[in-house]
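Participant: I'm passing along data-v1.txt; it holds compact mmCIF, C-alpha atoms.
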# COMPACT_ATOMS: atom_id res chain seq x y z
CA MET A 1 8.28 -100.03 83.33
CA PRO A 2 7.66 -101.48 79.84
CA LYS A 3 9.03 -99.48 76.93
CA PRO A 4 6.69 -98.72 74.04
CA ASN A 5 7.55 -99.57 70.46
CA PHE A 6 8.51 -96.23 69.00
CA ASN A 7 8.67 -97.64 65.47
CA ASP A 8 4.86 -97.41 65.40
CA ALA A 9 4.93 -93.71 66.33
CA PRO A 10 4.45 -91.06 63.63
CA LYS A 11 7.72 -90.42 61.83
CA PRO A 12 7.68 -86.61 62.40
CA LEU A 13 7.38 -87.12 66.16
CA LEU A 14 10.14 -89.73 66.05
CA GLU A 15 12.36 -87.19 64.33
CA VAL A 16 11.48 -84.63 67.02
CA ALA A 17 12.53 -87.11 69.72
CA LYS A 18 15.79 -87.82 67.88
CA TYR A 19 16.48 -84.10 67.64
CA LEU A 20 15.83 -83.51 71.33
CA ARG A 21 18.07 -86.44 72.19
CA SER A 22 20.90 -85.12 70.00
CA SER A 23 23.53 -82.58 70.99
CA SER A 24 22.21 -80.18 68.32
CA SER A 25 19.18 -79.32 70.44
CA THR A 26 21.34 -78.25 73.44
CA LEU A 27 18.47 -79.45 75.64
CA LYS A 28 19.45 -79.21 79.29
CA ILE A 29 19.40 -82.78 80.61
CA ARG A 30 19.82 -83.64 84.27
CA GLN A 31 20.00 -86.96 86.07
CA GLY A 32 17.66 -88.14 88.79
CA VAL A 33 16.53 -91.32 90.53
CA LEU A 34 13.19 -92.99 89.85
CA ASN A 35 12.36 -96.20 91.73
CA GLY A 36 16.05 -96.74 92.48
CA ARG A 37 17.05 -96.37 88.82
CA ARG A 38 19.03 -93.47 87.38
CA VAL A 39 17.12 -91.60 84.68
CA ASP A 40 17.54 -88.50 82.52
CA PHE A 41 15.00 -85.73 83.00
CA PHE A 42 14.35 -82.22 81.69
CA LYS A 43 11.89 -79.38 82.07
CA GLY A 44 9.09 -78.96 79.58
CA LYS A 45 9.81 -75.35 78.65
CA HIS A 46 13.42 -76.26 77.84
CA ALA A 47 12.18 -78.76 75.25
CA VAL A 48 9.90 -76.07 73.82
CA ASN A 49 12.85 -73.70 73.58
CA ALA A 50 14.89 -76.40 71.84
CA VAL A 51 12.43 -76.82 68.96
CA MET A 52 12.33 -73.05 68.48
CA ARG A 53 16.09 -72.75 67.88
CA ASP A 54 17.61 -72.31 64.44
CA THR A 55 19.26 -75.73 64.67
CA TYR A 56 15.83 -77.38 64.66
CA ALA A 57 15.07 -76.67 61.00
CA LYS A 58 18.61 -77.57 59.97
CA TYR A 59 18.65 -80.95 61.73
CA SER A 60 16.32 -82.84 59.39
CA LYS A 61 13.84 -82.09 56.61
CA ALA A 62 11.44 -84.61 58.13
CA LEU A 63 10.87 -82.40 61.20
CA PRO A 64 7.46 -80.67 61.31
CA ALA A 65 7.49 -76.90 60.93
CA VAL A 66 7.19 -74.76 64.06
CA GLU A 67 6.02 -71.19 63.54
CA ASP A 68 5.50 -69.88 67.08
CA ARG A 69 5.65 -70.93 70.73
CA PRO A 70 2.08 -72.30 70.95
CA ALA A 71 2.86 -74.56 67.97
CA ALA A 72 6.07 -75.69 69.70
CA GLU A 73 4.21 -76.50 72.91
CA LYS A 74 1.60 -78.47 70.93
CA LEU A 75 4.35 -80.46 69.19
CA ILE A 76 6.06 -81.36 72.48
CA ALA A 77 2.67 -82.30 73.96
CA GLU A 78 2.06 -84.71 71.05
CA ALA A 79 5.47 -86.33 71.62
CA HIS A 80 4.52 -86.67 75.28
CA GLN A 81 1.22 -88.36 74.39
CA HIS A 82 3.08 -90.96 72.32
CA GLY A 83 5.22 -91.92 75.33
CA PHE A 84 8.60 -90.56 74.32
CA PHE A 85 8.85 -89.07 77.83
CA LEU A 86 6.73 -89.18 80.98
CA ARG A 87 5.78 -86.50 83.45
CA VAL A 88 7.27 -86.80 86.92
CA GLU A 89 7.12 -84.92 90.18
CA LYS A 90 10.36 -83.41 91.45
CA PRO A 91 10.62 -81.98 94.98
CA PRO A 92 12.66 -78.76 95.30
CA LYS A 93 16.44 -79.30 95.55
CA ALA A 94 16.07 -83.07 95.24
CA LYS A 95 16.90 -85.66 92.60
CA THR A 96 14.36 -88.26 93.70
CA LEU A 97 11.52 -88.36 91.19
CA ALA A 98 8.03 -89.87 91.20
CA LEU A 99 5.69 -90.58 88.29
CA GLN A 100 2.65 -88.37 87.99
CA PRO A 101 -0.69 -90.20 87.72
CA MET A 102 -2.05 -87.49 85.40
CA GLN A 103 0.08 -87.39 82.26
CA VAL A 104 -0.78 -83.92 80.98
CA PHE A 105 1.88 -81.75 79.36
CA SER A 106 2.85 -78.51 81.08
CA PRO A 107 5.89 -76.36 80.22
CA ASP A 108 6.71 -75.94 83.92
CA ALA A 109 6.66 -79.67 84.72
CA TYR A 110 9.53 -82.17 84.62
CA TYR A 111 9.79 -85.19 82.32
CA ILE A 112 11.95 -88.31 82.18
CA TRP A 113 13.15 -89.79 78.92
CA VAL A 114 11.69 -93.15 77.87
CA TYR A 115 13.03 -92.97 74.33
CA GLU A 116 16.74 -93.72 74.40
CA GLY A 117 17.53 -93.05 70.74
CA SER A 118 19.85 -95.07 68.58
CA GLN A 119 22.09 -97.44 70.55
CA TRP A 120 24.67 -98.26 67.87
CA ARG A 121 27.06 -95.58 69.10
CA GLY A 122 26.93 -96.94 72.63
CA THR A 123 27.49 -100.47 71.37
CA LEU A 124 30.43 -99.37 69.24
CA LEU A 125 31.93 -97.44 72.14
CA GLY A 126 31.58 -100.47 74.41
CA LEU A 127 33.37 -102.69 71.91
CA LEU A 128 36.14 -100.11 71.55
CA VAL A 129 36.63 -99.93 75.32
CA LEU A 130 36.74 -103.73 75.48
CA LEU A 131 39.39 -103.92 72.74
CA LEU A 132 41.52 -101.24 74.41
CA THR A 133 41.28 -103.08 77.73
CA LEU A 134 42.41 -106.35 76.14
CA ALA A 135 45.26 -104.57 74.37
CA GLY A 136 46.39 -103.06 77.66
CA VAL A 137 46.27 -106.38 79.47
CA MET A 138 48.34 -108.03 76.73
CA PHE A 139 50.90 -105.21 76.66
CA PRO A 140 53.75 -107.44 78.02
CA LEU A 141 53.23 -109.71 75.01
CA TRP A 142 53.65 -106.91 72.49
CA PRO A 143 56.79 -106.87 70.32
CA ALA A 144 59.65 -104.79 71.70
CA SER A 145 59.40 -102.29 68.84
CA LEU A 146 55.71 -101.60 69.58
CA ARG A 147 56.35 -101.18 73.30
CA LEU A 148 59.19 -98.76 72.58
CA GLY A 149 56.93 -96.81 70.22
CA VAL A 150 54.21 -96.54 72.88
CA TYR A 151 56.82 -95.30 75.37
CA TYR A 152 57.97 -92.48 73.08
CA LEU A 153 54.38 -91.65 72.18
CA SER A 154 53.51 -91.28 75.87
CA LEU A 155 56.50 -88.95 76.37
CA ALA A 156 55.35 -86.85 73.41
CA LEU A 157 51.81 -86.61 74.80
CA LEU A 158 53.13 -85.57 78.22
CA GLY A 159 55.26 -82.91 76.53
CA LEU A 160 52.25 -81.54 74.63
CA LEU A 161 50.22 -81.49 77.85
CA ALA A 162 52.98 -79.58 79.68
CA LEU A 163 53.24 -77.13 76.77
CA PHE A 164 49.48 -76.55 76.85
CA PHE A 165 49.37 -75.77 80.58
CA GLY A 166 52.49 -73.61 80.25
CA LEU A 167 50.78 -71.60 77.50
CA ILE A 168 47.76 -71.08 79.76
CA VAL A 169 49.99 -69.71 82.54
CA VAL A 170 51.84 -67.38 80.14
CA ARG A 171 48.51 -66.11 78.74
CA PHE A 172 47.24 -65.29 82.22
CA LEU A 173 50.43 -63.50 83.30
CA LEU A 174 50.44 -61.42 80.11
CA TRP A 175 46.80 -60.50 80.60
CA CYS A 176 47.47 -59.33 84.18
CA LEU A 177 50.46 -57.27 82.99
CA LEU A 178 48.43 -55.54 80.28
CA VAL A 179 45.53 -54.77 82.60
CA ALA A 180 47.92 -53.25 85.16
CA THR A 181 49.72 -51.10 82.58
CA ILE A 182 47.28 -50.06 79.82
CA GLY A 183 43.94 -50.88 81.43
CA ARG A 184 42.80 -53.59 79.02
CA GLY A 185 43.78 -57.21 78.69
CA GLY A 186 44.95 -59.18 75.71
CA TRP A 187 45.12 -62.90 75.06
CA ILE A 188 47.51 -65.06 73.09
CA PHE A 189 45.23 -67.44 71.17
CA PRO A 190 41.98 -65.97 72.58
CA ASN A 191 39.98 -69.03 71.46
CA LEU A 192 42.32 -71.53 73.14
CA LEU A 193 39.79 -72.50 75.84
CA ALA A 194 36.65 -71.81 73.77
CA ASP A 195 34.22 -74.49 72.66
CA VAL A 196 35.52 -74.63 69.08
CA GLY A 197 37.49 -77.02 66.90
CA ILE A 198 41.18 -77.78 67.28
CA VAL A 199 42.22 -75.53 64.39
CA GLU A 200 39.89 -72.69 65.45
CA SER A 201 41.43 -72.76 68.95
CA PHE A 202 44.64 -71.26 67.54
CA ILE A 203 42.94 -68.62 65.38
CA PRO A 204 43.52 -65.69 65.76
CA LEU A 205 46.98 -65.37 67.26
CA TRP A 206 46.15 -62.29 69.35
CA GLY A 207 43.05 -60.54 70.63
CA TYR A 208 42.33 -57.64 72.98
CA VAL A 209 39.70 -57.86 75.72
CA PHE A 210 38.17 -54.58 76.83
CA VAL A 211 38.02 -54.26 80.60
CA SER A 212 34.85 -53.00 82.27
CA SER A 213 34.57 -49.41 83.43
CA ARG A 214 34.76 -50.49 87.08
CA VAL A 215 38.14 -52.14 86.54
CA MET A 216 39.33 -49.13 84.52
CA ALA A 217 38.31 -46.79 87.36
CA THR A 218 40.21 -48.94 89.85
CA VAL A 219 43.37 -48.89 87.71
CA MET A 220 43.14 -45.12 87.13
CA ALA A 221 42.59 -44.47 90.84
CA ALA A 222 45.66 -46.52 91.71
CA ASN A 223 47.76 -44.61 89.17
CA TRP A 224 46.47 -41.27 90.52
CA ASP A 225 47.30 -42.21 94.10
CA GLU A 226 50.81 -43.18 93.00
CA LYS A 227 51.38 -39.83 91.27
CA LYS A 228 49.93 -37.98 94.25
CA GLY A 229 52.33 -39.78 96.57
CA GLU A 230 55.29 -38.78 94.37
CA ARG A 231 54.26 -35.11 94.49
CA SER A 232 53.85 -35.12 98.26
CA SER A 233 57.40 -36.44 98.63
CA THR A 234 58.91 -33.49 96.68
CA PRO A 235 61.30 -31.37 98.94
CA ALA A 236 60.04 -28.02 100.20
CA GLY A 237 63.00 -26.17 98.60
CA GLY A 238 61.94 -27.34 95.18
CA LYS A 239 58.48 -25.77 95.69
CA ALA A 240 60.01 -22.45 96.71
CA LYS A 241 62.19 -22.48 93.63
CA ASP A 242 59.13 -23.05 91.42
CA SER A 243 57.32 -20.21 93.21
CA ASP A 244 60.20 -17.83 92.58
CA ALA A 245 60.37 -18.86 89.00
CA ASP A 246 56.67 -18.03 88.53
CA GLY A 247 57.40 -14.49 89.58
CA ASP A 248 59.53 -13.62 86.56
CA GLY A 249 57.33 -15.57 84.18
CA THR A 250 59.96 -18.18 83.29
CA GLY A 251 58.98 -21.09 85.56
CA THR A 252 55.32 -21.64 84.67
CA GLY A 253 55.94 -23.58 81.50
CA ALA A 254 58.50 -25.84 83.20
CA ALA A 255 56.06 -26.57 86.04
CA GLU A 256 53.26 -27.46 83.59
CA GLU A 257 55.61 -29.76 81.67
CA ASP A 258 56.46 -31.57 84.92
CA ASP A 259 52.72 -32.03 85.68
CA GLU A 260 52.14 -33.50 82.25
Can the structure in the file be given as structure tokens, please?
Facilitator:
Amino acid sequence: MPKPNFNDAPKPLLEVAKYLRSSSSTLKIRQGVLNGRRVDFFKGKHAVNAVMRDTYAKYSKALPAVEDRPAAEKLIAEAHQHGFFLRVEKPPKAKTLALQPMQVFSPDAYYIWVYEGSQWRGTLLGLLVLLLTLAGVMFPLWPASLRLGVYYLSLALLGLLALFFGLIVVRFLLWCLLVATIGRGGWIFPNLLADVGIVESFIPLWGYVFVSSRVMATVMAANWDEKKGERSSTPAGGKAKDSDADGDGTGTGAAEEDDE
């Protein structure tokens, strides 16, 4: 399948394609097979949703303005007409795709990417992988000081990895303990596993997590059953003593204090 020259396409549509191809759009991309070749595909309405997000206007000033959903659908249809992506047919629960003879945009249809975006990052990554591979192969030829430094660096990285997983285990055990005792959980470094930066992962130090009412009801029922079991195990003589005490008006307050 020949690839069109996207340099001749209108610049606003080229910017739209770059945005959809970037991580800023959060466009849901899946992989399928077309004519024995692996391709990236997406659903039309997901591309429409991507150009309606707040990140669209912030990505580039060259992007055309989108005021409402019909305008967004028209913009994606124009990008489709210029060959940035092609409509395909996708059977249910299958990854094998087939080109549609009628290339008409529909939000409910599936499309494969023809535009691949800038390739300089891929080229740079390939060169970096090649250099790392050569450095690894030539490791026996490294000076002794460099090899010793790599050894200690690997030990330090393994220690950091063990510390990270240990912190995850401690966080989980503490959360279970808090839920069982006070009915709500709390996390050390609540953003530790969140999709944030390295510094933000350790801010704040502590955070409570409110447990749902169903979990709260389960915890309260368990506590009530435990108290009920303790009362049922009280000796019969103790009950008679409380009953006698109620008669002279001196035992009621003591009994209420025990219930509390």
Participant: Would you mind telling me which residue in A:Arg121, A:Arg37, A:Lys18, A:Lys95 lies nearest to Ser60 in chain A when using all atoms listed in the file?
Facilitator: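 Once distances to Ser60 in chain A are computed over all atoms listed in the file, the minimum belongs to A:Lys18.
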Participant: May I have the residues within 10 Å of Phe85 in chain A as a PDB file with C-alpha atoms, in the frame of the given file, using all atoms listed in the file and disregarding those fewer than 3 positions away in the same chain?
Facilitator:
ATOM      1  CA  ALA A  17      12.530 -87.110  69.720  1.00  0.00           C
ATOM      2  CA  ASP A  40      17.540 -88.500  82.520  1.00  0.00           C
ATOM      3  CA  PHE A  41      15.000 -85.730  83.000  1.00  0.00           C
ATOM      4  CA  PHE A  42      14.350 -82.220  81.690  1.00  0.00           C
ATOM      5  CA  ILE A  76       6.060 -81.360  72.480  1.00  0.00           C
ATOM      6  CA  ALA A  77       2.670 -82.300  73.960  1.00  0.00           C
ATOM      7  CA  ALA A  79       5.470 -86.330  71.620  1.00  0.00           C
ATOM      8  CA  HIS A  80       4.520 -86.670  75.280  1.00  0.00           C
ATOM      9  CA  GLN A  81       1.220 -88.360  74.390  1.00  0.00           C
ATOM     10  CA  HIS A  82       3.080 -90.960  72.320  1.00  0.00           C
ATOM     11  CA  VAL A  88       7.270 -86.800  86.920  1.00  0.00           C
ATOM     12  CA  GLN A 103       0.080 -87.390  82.260  1.00  0.00           C
ATOM     13  CA  TYR A 110       9.530 -82.170  84.620  1.00  0.00           C
ATOM     14  CA  TYR A 111       9.790 -85.190  82.320  1.00  0.00           C
ATOM     15  CA  ILE A 112      11.950 -88.310  82.180  1.00  0.00           C
ATOM     16  CA  TRP A 113      13.150 -89.790  78.920  1.00  0.00           C
ATOM     17  CA  VAL A 114      11.690 -93.150  77.870  1.00  0.00           C
ATOM     18  CA  TYR A 115      13.030 -92.970  74.330  1.00  0.00           C
ATOM     19  CA  GLU A 116      16.740 -93.720  74.400  1.00  0.00           C
TER      20      GLU A 116
END
Participant: May I ask which of the residues A:Ala72, A:Leu127, A:Ile203, A:Leu132 is the closest one to Pro190 in chain A, counting all atoms listed in the file?
Facilitator: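 Closest residue, counting all atoms listed in the file: A:Ile203.
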Participant: Would you pick out the contacts of Lys11 in chain A at 10 Å or less, using all atoms listed in the file, so that residues sharing its chain but fewer than 4 positions from it are not included, and give the list as a list of chain:residue names?
Facilitator: A:Phe6, A:Asn7, A:Glu15, A:Val16, A:Ala17, A:Ala62, A:Leu63, A:Pro64
Participant: Generate a file of the selected residues that holds C-alpha atoms, formatted as a CSV table (one decimal), in the coordinates of the input.
Facilitator:
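Printed below is part29.csv as written:
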chain,number,residue,atom,x,y,z
A,6,PHE,CA,8.5,-96.2,69.0
A,7,ASN,CA,8.7,-97.6,65.5
A,15,GLU,CA,12.4,-87.2,64.3
A,16,VAL,CA,11.5,-84.6,67.0
A,17,ALA,CA,12.5,-87.1,69.7
A,62,ALA,CA,11.4,-84.6,58.1
A,63,LEU,CA,10.9,-82.4,61.2
A,64,PRO,CA,7.5,-80.7,61.3
Participant: List the neighbours of Leu174 in chain A out to 9 Å using only C-alpha atoms; skip same-chain residues closer than 5 positions along the sequence, and give me the result as an MDAnalysis selection string.
Facilitator: chainID A and resid 169 179 185:188
Participant: What would the file look like if the residues just selected were written as a PDB file, in the coordinates of the input with C-alpha atoms?
Facilitator:
ATOM      1  CA  VAL A 169      49.990 -69.710  82.540  1.00  0.00           C
ATOM      2  CA  VAL A 179      45.530 -54.770  82.600  1.00  0.00           C
ATOM      3  CA  GLY A 185      43.780 -57.210  78.690  1.00  0.00           C
ATOM      4  CA  GLY A 186      44.950 -59.180  75.710  1.00  0.00           C
ATOM      5  CA  TRP A 187      45.120 -62.900  75.060  1.00  0.00           C
ATOM      6  CA  ILE A 188      47.510 -65.060  73.090  1.00  0.00           C
TER       7      ILE A 188
END
Participant: What is the distance between CA of Ser106 in chain A and CA of Gln119 in chain A, in Å to one decimal?
Facilitator: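 So the answer is 29.0 Å.
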Participant: Take every atom of range 63-76 of chain A listed in the file, pad by 6 Å on each side, and give me the axis-aligned box centre and edge lengths in Å, one decimal, as JSON.
Facilitator:
{"center_x": 6.2, "center_y": -76.1, "center_z": 66.9, "size_x": 21.3, "size_y": 24.5, "size_z": 24.0}
Participant: Could you jot down the CA of Lys28 in chain A to CA of His46 in chain A separation for me, Å, one decimal place?
Facilitator: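 Here the two named atoms are 6.9 Å from each other.
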Participant: Go through A:Thr133, A:Thr96, A:Thr55, A:Asn49 one by one, measure the shortest atom-to-atom distance of each to Glu73 in chain A using only C-alpha atoms, and give the residue with the smallest value.
Facilitator: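 Closest residue, counting only C-alpha atoms: A:Asn49.
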Participant: Report, in Å with one decimal, the straight-line distance from CA of Leu128 in chain A to CA of Leu192 in chain A.
Facilitator: 29.3 Å
Participant: Counting all atoms listed in the file, which residue out of A:Asn35, A:Ser145, A:Pro12, A:Val150 sits closest to Ala65 in chain A?
Facilitator: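 Closest candidate: A:Pro12.
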Participant: Which residue out of A:Leu27, A:Phe189, A:Ala50, A:Ala94 has the minimum interatomic distance to Leu167 in chain A when only C-alpha atoms are used?
Facilitator: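 Smallest distance to Leu167 in chain A is found for A:Phe189.
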Participant: List as a list in words: which residues have an atom within 9 Å of (8.1, -88.5, 92.5), counting all atoms listed in the file?
Facilitator: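 Here is the list of nearby residues: Leu34, Asn35, Val88, Glu89, Lys90, Pro91, Thr96, Leu97, Ala98, Leu99 and Gln100 of chain A.
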Participant: Could those selected residues go to a file with C-alpha atoms, as a short mmCIF file (atom, residue, chain, number, x, y, z; two decimals), in the frame of the given file?
Facilitator:
data_model
loop_
_atom_site.label_atom_id
_atom_site.label_comp_id
_atom_site.auth_asym_id
_atom_site.auth_seq_id
_atom_site.Cartn_x
_atom_site.Cartn_y
_atom_site.Cartn_z
CA LEU A 34 13.19 -92.99 89.85
CA ASN A 35 12.36 -96.20 91.73
CA VAL A 88 7.27 -86.80 86.92
CA GLU A 89 7.12 -84.92 90.18
CA LYS A 90 10.36 -83.41 91.45
CA PRO A 91 10.62 -81.98 94.98
CA THR A 96 14.36 -88.26 93.70
CA LEU A 97 11.52 -88.36 91.19
CA ALA A 98 8.03 -89.87 91.20
CA LEU A 99 5.69 -90.58 88.29
CA GLN A 100 2.65 -88.37 87.99
#
Participant: When you count all atoms listed in the file, which of these residues is closest to Lys45 in chain A: A:Asp108, A:Asp195, A:Asp68, A:Glu200?
Facilitator: A:Asp108
Participant: Would you kindly return, as number ranges by chain, each protein, DNA or RNA residue with an atom no farther than 12 Å from any atom of Phe165 in chain A, considering all atoms listed in the file and excluding same-chain residues fewer than 6 positions away?
Facilitator: A: 158-159, 171-172, 192-193
